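Source file: input07.json. Holds: JSON, C-alpha atoms.
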[["chain", "number", "residue", "atom", "x", "y", "z"],
["A", 1, "MET", "CA", -11.60, -18.10, -19.29],
["A", 2, "LEU", "CA", -8.47, -15.99, -19.94],
["A", 3, "PRO", "CA", -9.88, -12.86, -18.25],
["A", 4, "HIS", "CA", -10.65, -14.94, -15.15],
["A", 5, "ILE", "CA", -7.09, -16.29, -15.00],
["A", 6, "VAL", "CA", -5.66, -12.80, -15.53],
["A", 7, "ALA", "CA", -7.86, -11.49, -12.71],
["A", 8, "ILE", "CA", -6.53, -14.20, -10.39],
["A", 9, "ILE", "CA", -2.96, -13.37, -11.39],
["A", 10, "GLY", "CA", -3.65, -9.67, -10.83],
["A", 11, "VAL", "CA", -5.16, -10.11, -7.38],
["A", 12, "VAL", "CA", -2.32, -12.40, -6.25],
["A", 13, "PHE", "CA", 0.32, -10.05, -7.70],
["A", 14, "PHE", "CA", -1.25, -7.00, -6.07],
["A", 15, "ALA", "CA", -1.55, -8.68, -2.67],
["A", 16, "ALA", "CA", 2.02, -9.98, -2.80],
["A", 17, "THR", "CA", 3.53, -6.65, -3.83],
["A", 18, "MET", "CA", 1.61, -4.76, -1.15],
["A", 19, "ILE", "CA", 2.88, -7.17, 1.50],
["A", 20, "HIS", "CA", 6.39, -6.79, 0.07],
["A", 21, "ALA", "CA", 6.09, -2.99, 0.21],
["A", 22, "ALA", "CA", 5.05, -3.14, 3.87],
["A", 23, "LEU", "CA", 7.94, -5.40, 4.81],
["A", 24, "GLU", "CA", 10.41, -3.25, 2.86],
["A", 25, "ASP", "CA", 9.12, -0.08, 4.50],
["A", 26, "ALA", "CA", 9.27, -1.62, 7.99],
["A", 27, "ARG", "CA", 12.85, -2.78, 7.48],
["A", 28, "PHE", "CA", 14.36, 0.10, 5.52],
["A", 29, "TYR", "CA", 11.88, 3.02, 5.78],
["A", 30, "THR", "CA", 11.95, 3.05, 1.99],
["A", 31, "ILE", "CA", 9.60, 1.98, -0.76],
["A", 32, "ARG", "CA", 11.56, 1.51, -3.95],
["A", 33, "ASN", "CA", 10.36, 3.32, -7.06],
["A", 34, "THR", "CA", 10.77, 0.10, -9.03],
["A", 35, "LEU", "CA", 8.21, -1.58, -6.78],
["A", 36, "VAL", "CA", 5.69, 1.25, -7.23],
["A", 37, "ILE", "CA", 6.29, 1.21, -11.01],
["A", 38, "ALA", "CA", 5.77, -2.56, -11.05],
["A", 39, "ILE", "CA", 2.45, -2.19, -9.18],
["A", 40, "ALA", "CA", 1.19, 0.56, -11.49],
["A", 41, "GLY", "CA", 2.58, -1.09, -14.63],
["A", 42, "ALA", "CA", 1.02, -4.44, -13.81],
["A", 43, "TRP", "CA", -2.35, -2.73, -13.38],
["A", 44, "LEU", "CA", -1.93, -1.04, -16.77],
["A", 45, "VAL", "CA", -1.13, -4.33, -18.51],
["A", 46, "LEU", "CA", -3.51, -6.65, -16.63],
["A", 47, "SER", "CA", -6.62, -4.45, -16.42],
["A", 48, "PRO", "CA", -7.63, -4.70, -20.08],
["A", 49, "LEU", "CA", -6.59, -8.36, -20.25],
["A", 50, "ALA", "CA", -8.78, -9.12, -17.23],
["A", 51, "GLY", "CA", -11.75, -7.47, -18.88],
["A", 52, "LEU", "CA", -12.06, -4.21, -16.98],
["A", 53, "ALA", "CA", -14.24, -1.85, -18.98],
["A", 54, "LEU", "CA", -12.76, 1.42, -20.23],
["A", 55, "PRO", "CA", -14.99, 3.51, -17.91],
["A", 56, "GLN", "CA", -13.77, 1.45, -14.92],
["A", 57, "MET", "CA", -10.19, 1.97, -16.00],
["A", 58, "GLY", "CA", -10.76, 5.70, -16.47],
["A", 59, "LEU", "CA", -12.28, 6.04, -13.02],
["A", 60, "ALA", "CA", -9.37, 4.08, -11.54],
["A", 61, "ILE", "CA", -6.88, 6.42, -13.24],
["A", 62, "LEU", "CA", -8.84, 9.40, -11.90],
["A", 63, "ALA", "CA", -8.78, 7.90, -8.39],
["A", 64, "GLY", "CA", -5.02, 7.34, -8.67],
["A", 65, "ALA", "CA", -4.42, 10.89, -9.87],
["A", 66, "LEU", "CA", -6.52, 12.40, -7.07],
["A", 67, "VAL", "CA", -4.74, 10.29, -4.47],
["A", 68, "LEU", "CA", -1.36, 11.29, -5.94],
["A", 69, "VAL", "CA", -2.23, 15.00, -5.68],
["A", 70, "ALA", "CA", -3.56, 14.63, -2.13],
["A", 71, "THR", "CA", -0.67, 12.49, -0.87],
["A", 72, "PHE", "CA", 1.97, 14.71, -2.45],
["A", 73, "GLY", "CA", 0.32, 17.56, -0.56],
["A", 74, "LEU", "CA", 0.84, 15.56, 2.63],
["A", 75, "PHE", "CA", 4.41, 14.83, 1.54],
["A", 76, "SER", "CA", 5.11, 18.53, 0.94],
["A", 77, "PHE", "CA", 4.16, 19.21, 4.57],
["A", 78, "GLY", "CA", 6.40, 16.37, 5.76],
["A", 79, "LEU", "CA", 3.49, 14.26, 6.99],
["A", 80, "ILE", "CA", 4.26, 11.20, 4.86],
["A", 81, "GLY", "CA", 7.17, 10.03, 2.74],
["A", 82, "GLY", "CA", 7.36, 10.31, -1.03],
["A", 83, "GLY", "CA", 7.32, 6.54, -1.40],
["A", 84, "ASP", "CA", 4.14, 6.40, 0.65],
["A", 85, "ALA", "CA", 2.52, 8.98, -1.64],
["A", 86, "LYS", "CA", 3.46, 7.08, -4.79],
["A", 87, "LEU", "CA", 2.42, 3.73, -3.32],
["A", 88, "ALA", "CA", -0.99, 5.13, -2.31],
["A", 89, "ALA", "CA", -1.58, 6.38, -5.86],
["A", 90, "ALA", "CA", -0.56, 3.06, -7.44],
["A", 91, "THR", "CA", -2.81, 1.28, -4.96],
["A", 92, "ALA", "CA", -5.75, 3.49, -5.96],
["A", 93, "LEU", "CA", -5.38, 2.25, -9.55],
["A", 94, "TRP", "CA", -6.03, -1.30, -8.40],
["A", 95, "LEU", "CA", -8.86, -0.39, -6.06],
["A", 96, "GLY", "CA", -10.83, 2.05, -8.20],
["A", 97, "PRO", "CA", -12.97, 4.80, -6.67],
["A", 98, "GLN", "CA", -15.05, 2.69, -4.26],
["A", 99, "GLY", "CA", -12.13, 0.61, -3.07],
["A", 100, "THR", "CA", -9.93, 3.70, -2.76],
["A", 101, "LEU", "CA", -12.34, 5.35, -0.36],
["A", 102, "LEU", "CA", -12.33, 2.23, 1.83],
["A", 103, "PHE", "CA", -8.55, 2.02, 1.49],
["A", 104, "LEU", "CA", -8.10, 5.59, 2.73],
["A", 105, "VAL", "CA", -10.42, 5.05, 5.71],
["A", 106, "TYR", "CA", -8.74, 1.75, 6.63],
["A", 107, "THR", "CA", -5.29, 3.31, 6.18],
["A", 108, "MET", "CA", -6.17, 6.12, 8.57],
["A", 109, "MET", "CA", -7.52, 3.68, 11.16],
["A", 110, "ILE", "CA", -4.61, 1.24, 10.90],
["A", 111, "GLY", "CA", -2.15, 4.14, 10.68],
["A", 112, "GLY", "CA", -3.54, 5.57, 13.92],
["A", 113, "ILE", "CA", -3.05, 2.22, 15.64],
["A", 114, "LEU", "CA", 0.46, 2.04, 14.16],
["A", 115, "ALA", "CA", 1.26, 5.53, 15.44],
["A", 116, "ILE", "CA", 0.12, 4.64, 18.96],
["A", 117, "ALA", "CA", 2.07, 1.38, 18.84],
["A", 118, "SER", "CA", 5.17, 3.31, 17.69],
["A", 119, "LEU", "CA", 4.84, 5.72, 20.61],
["A", 120, "VAL", "CA", 4.54, 2.80, 23.04],
["A", 121, "LEU", "CA", 7.49, 1.01, 21.42],
["A", 122, "ARG", "CA", 9.61, 4.15, 21.60],
["A", 123, "SER", "CA", 8.89, 4.67, 25.29],
["A", 124, "ALA", "CA", 9.39, 1.09, 26.45],
["A", 125, "PRO", "CA", 12.74, -0.61, 26.90],
["A", 126, "LEU", "CA", 13.28, -3.63, 24.67],
["A", 127, "PRO", "CA", 15.22, -6.80, 25.43],
["A", 128, "ALA", "CA", 18.93, -6.35, 24.78],
["A", 129, "SER", "CA", 18.92, -8.87, 21.92],
["A", 130, "PHE", "CA", 16.53, -6.64, 19.93],
["A", 131, "TYR", "CA", 18.96, -3.74, 19.85],
["A", 132, "GLY", "CA", 21.27, -5.58, 17.45],
["A", 133, "GLN", "CA", 18.63, -5.34, 14.75],
["A", 134, "PRO", "CA", 18.97, -2.06, 12.80],
["A", 135, "TRP", "CA", 15.32, -2.02, 11.71],
["A", 136, "ILE", "CA", 14.11, -2.39, 15.33],
["A", 137, "ALA", "CA", 16.46, 0.37, 16.45],
["A", 138, "ARG", "CA", 15.09, 2.58, 13.67],
["A", 139, "LEU", "CA", 11.50, 1.83, 14.71],
["A", 140, "GLN", "CA", 12.32, 2.76, 18.29],
["A", 141, "SER", "CA", 14.19, 5.94, 17.40],
["A", 142, "PRO", "CA", 12.23, 8.98, 18.64],
["A", 143, "GLY", "CA", 13.00, 11.01, 15.52],
["A", 144, "ALA", "CA", 12.02, 8.32, 13.06],
["A", 145, "GLY", "CA", 8.80, 8.51, 11.13],
["A", 146, "ILE", "CA", 6.27, 5.76, 10.76],
["A", 147, "PRO", "CA", 6.61, 3.19, 7.97],
["A", 148, "TYR", "CA", 3.18, 3.97, 6.56],
["A", 149, "ALA", "CA", 3.18, 1.13, 4.00],
["A", 150, "VAL", "CA", 2.72, -1.10, 7.04],
["A", 151, "ALA", "CA", -0.72, 0.50, 7.40],
["A", 152, "MET", "CA", -1.43, 0.76, 3.68],
["A", 153, "ALA", "CA", -0.86, -2.91, 2.85],
["A", 154, "PRO", "CA", -3.53, -4.40, 5.14],
["A", 155, "ALA", "CA", -5.86, -1.50, 4.30],
["A", 156, "ALA", "CA", -5.52, -2.30, 0.59],
["A", 157, "LEU", "CA", -6.13, -5.99, 1.20],
["A", 158, "PHE", "CA", -9.25, -5.22, 3.28],
["A", 159, "ALA", "CA", -10.54, -2.96, 0.47],
["A", 160, "LEU", "CA", -9.68, -5.32, -2.39],
["A", 161, "PRO", "CA", -12.84, -7.49, -2.14],
["A", 162, "HIS", "CA", -14.91, -4.33, -2.83],
["A", 163, "THR", "CA", -13.31, -3.71, -6.23],
["A", 164, "PRO", "CA", -13.99, -4.73, -9.83],
["A", 165, "TRP", "CA", -11.12, -7.21, -9.53],
["A", 166, "PHE", "CA", -13.12, -9.41, -7.19],
["A", 167, "ALA", "CA", -16.18, -9.09, -9.43],
["A", 168, "LEU", "CA", -14.02, -10.51, -12.24],
["A", 169, "LEU", "CA", -13.23, -13.55, -10.08],
["A", 170, "ALA", "CA", -16.89, -14.59, -9.84]]
Encoded form (structure tokens):
Amino acid sequence: MLPHIVAIIGVVFFAATMIHAALEDARFYTIRNTLVIAIAGAWLVLSPLAGLALPQMGLAILAGALVLVATFGLFSFGLIGGGDAKLAAATALWLGPQGTLLFLVYTMMIGGILAIASLVLRSAPLPASFYGQPWIARLQSPGAGIPYAVAMAPAALFALPHTPWFALLA
């Protein structure tokens, strides 16, 4: 019974923090380290309590490490932000290898749509009342990047049902 409750808590926590990360990134173009540490730390505490087997946990850590190496490579070339890289790695912990692969595919697809939407937003005039909002002005700025957590959050939520966490809910 306790592992089932912990799994529910974990899934709800993960979903809520991913949504929070997306909103934070959209508003401030920043993903706080404390949020990424909370996501990774919660996985570390909740995984054994929820009943994840040690091999599952090891594979999840391996997935997180591989994603961290790959995303920091992207960061070093200026393609994504450092917060995005750390968030992707923490997300991979929760999703494990199978969920991480889906997460990366979904992130690329949603990120592509986000990039196109950003280009359209940056080329179209907005109503005057929108310009008073700093986060909208930042989104429309031609030199601004893309808040990639906005793509990662829904991608993670789409991948979550294909992870051991959902198997623990059954």
With only C-alpha atoms as the counted atoms, please give the residues lying no more than 12 Å from Ile113 of chain A, apart from itself and same-chain residues fewer than 4 positions off, as an mmCIF file with C-alpha atoms, keeping the file's coordinate frame.
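Below is the file that was written, out.cif:
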data_model
loop_
_atom_site.group_PDB
_atom_site.id
_atom_site.type_symbol
_atom_site.label_atom_id
_atom_site.label_comp_id
_atom_site.auth_asym_id
_atom_site.auth_seq_id
_atom_site.Cartn_x
_atom_site.Cartn_y
_atom_site.Cartn_z
ATOM 1 C CA TYR A 106 -8.740 1.750 6.630
ATOM 2 C CA THR A 107 -5.290 3.310 6.180
ATOM 3 C CA MET A 108 -6.170 6.120 8.570
ATOM 4 C CA MET A 109 -7.520 3.680 11.160
ATOM 5 C CA ALA A 117 2.070 1.380 18.840
ATOM 6 C CA SER A 118 5.170 3.310 17.690
ATOM 7 C CA LEU A 119 4.840 5.720 20.610
ATOM 8 C CA VAL A 120 4.540 2.800 23.040
ATOM 9 C CA ILE A 146 6.270 5.760 10.760
ATOM 10 C CA TYR A 148 3.180 3.970 6.560
ATOM 11 C CA VAL A 150 2.720 -1.100 7.040
ATOM 12 C CA ALA A 151 -0.720 0.500 7.400
#
- prompt: Residues at most 8 Å from segment 88-101 of chain A, counting all atoms listed in the file, excluding those fewer than 2 positions away in the same chain, as a ChimeraX atom specification?
  reply: /A:14,36-37,39-40,43,56-57,59-61,63-68,71,84-86,103-105,152,156,159-160,162-165
query: Which is closest to Pro48 of chain A among A:Leu168, A:Ile116, A:Leu87, A:Leu102, if we use all atoms listed in the file?
result: A:Leu168
task: For atom CA of Ser129 of chain A and atom CA of Ala26 of chain A, determine how far apart the two atoms are, in Å to one decimal place.
output: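 These two atoms are separated by 18.4 Å.
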query: By how many Å are atom CA of Ile110 of chain A and atom CA of Ala155 of chain A apart?
result: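 Value for the atom CA of Ile110 of chain A-atom CA of Ala155 of chain A distance: 7.3 Å.
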task: Find the distance between atom CA of Leu54 of chain A and atom CA of Ala38 of chain A and write it in Å to one decimal.
output: 21.1 Å
Residue with smallest distance to Gly143 of chain A - pool A:Met18, A:Arg122, A:Thr30, A:Ile9, counting all atoms listed in the file: A:Arg122
task: Using all atoms listed in the file, determine which residues lie at most 10 Å from Tyr29 of chain A, disregarding the query and same-chain residues fewer than 4 positions distant; provide the list as a PyMOL selection string.
output: chain A and resi 22-25+81+83-84+135+138-139+144-149
message: Measuring between all atoms listed in the file, which one of A:Pro125, A:Leu46, A:Gly82, A:Phe158 shows the shortest distance to Ala70 of chain A?
response: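 Closest residue, counting all atoms listed in the file: A:Gly82.
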task: Might you pull out every residue within 9 Å of Phe166 of chain A, with all atoms listed in the file counted and same-chain residues fewer than 6 positions away left off, and present them as a PyMOL selection string?
output: chain A and resi 7-8+11+160
